[in-house]
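*Asks:* The structure that follows is given in the form of structure tokens.
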Amino acid sequence: MMVKELPIRYKNFNFYSAHKVVMNEPKPYMNYRANKIKYAEYKGQHDQIAIRDSHDQKYLAKEDHPEHSKWISPQDVQDRQNRATEQSREIAQNKQDSLNRTTEQNRVSAQSKQDSLNRATLQNTENQHNTQDQLNSQQLQNNENNHKH
């Protein structure tokens, strides 16, 4: 049965804001009374967004949707995610590289300081040996001079 107009009692009824329930069964009108009881809790609810007003990507994909131009294909979404992931990896790698360079610079600087300290210690030791050698040489001369007299 098909009619072109709804009964007068529905003249101010807003089908876009009314809660809709999908009943995937053959001839649901045959179970009218049971369905009316089963879905009575939804009466008066206006919590669904009409597809025409939705910004969900799955609806924007339809070419006749008013905002179809804003649709992002699944491949574009994946490409964006891949680019974001790659950028995150690059940022992390750059941070790690910078940390590695800083660590290497600190290691080289510490090694350079240690080398300078070692050279200074070696020079100091050589100076001490030279001084000791001079003292030993003078004492030897003094001893020789004392034996001659």
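Residues in the structure tokens are named by chain (A, B, ... in the order shown) and by number from 1 within that chain; ligands are numbered from 1 in the order shown.
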Please provide the set of residues having any atom within 9 Å of Lys70 of chain A, restricted to only C-alpha atoms, with same-chain residues fewer than 2 positions apart removed, written as an MDAnalysis selection string.
*Replies:* chainID A and resid 55 57 60:61 67:68 72
*Asks:* How many Å separate atom CA of Ser17 of chain A from atom CA of Asp56 of chain A?
*Replies:*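 Computed distance, atom CA of Ser17 of chain A to atom CA of Asp56 of chain A, equals 17.0 Å.
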*Asks:* Go through segment 80-123 of chain A and flag each residue having an atom no more than 12 Å from segment 128-134 of chain A; for those, report the closest pair of atoms plus their distance in Å to one decimal, using only C-alpha atoms, ordered by chain and rising number, as a tab-separated table.
*Replies:*
residue	atom	partner	partner_atom	distance
A:Thr121	CA	A:Gln128	CA	10.4
A:Leu122	CA	A:Gln128	CA	9.7
A:Gln123	CA	A:Gln128	CA	8.5
*Asks:* Can you check which residues of segment 11-117 of chain A DSSP gives as helix (DSSP H, G or I) on the backbone and send them as a ChimeraX atom specification?
*Replies:* /A:28-38,40-42,51-53,57-60,68-70,74-117
*Asks:* By how many Å are atom CA of Asn24 of chain A and atom CA of Tyr39 of chain A apart?
*Replies:*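 Atom-to-atom, atom CA of Asn24 of chain A and atom CA of Tyr39 of chain A are spaced 13.8 Å apart.
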*Asks:* For Asp53 of chain A, list every protein, DNA or RNA residue within 10 Å, evaluated using only C-alpha atoms, and leave out those in the same chain fewer than 5 positions away; present the list as a PDB file with C-alpha atoms, in the first residue's frame.
*Replies:*
ATOM      1  CA  TYR A  16      14.693  14.276  10.209  1.00  0.00           C
ATOM      2  CA  TYR A  59      28.321   9.971   4.062  1.00  0.00           C
ATOM      3  CA  HIS A  65      25.977  14.954  -0.522  1.00  0.00           C
ATOM      4  CA  PRO A  66      26.089  18.764  -0.198  1.00  0.00           C
ATOM      5  CA  GLU A  67      29.539  18.584   1.410  1.00  0.00           C
TER       6      GLU A  67
END
*Asks:* Which of these, A:Tyr32, A:Phe15, A:Tyr10, A:Trp71, has the shortest distance to Ser54 of chain A once you count only C-alpha atoms?
*Replies:*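 Ranked by minimum distance to Ser54 of chain A, first place goes to A:Trp71.
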*Asks:* Can you tell me, as a count of residues only, what residues are no more than 7 Å from His19 of chain A when counting only C-alpha atoms, ignoring any on the same chain fewer than 3 positions away?
*Replies:* 5
*Asks:* Could you state the separation of atom CA of Asn35 of chain A and atom CA of Ala18 of chain A in Å, given to one decimal place?
*Replies:*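 Pair atom CA of Asn35 of chain A / atom CA of Ala18 of chain A returns 16.7 Å.
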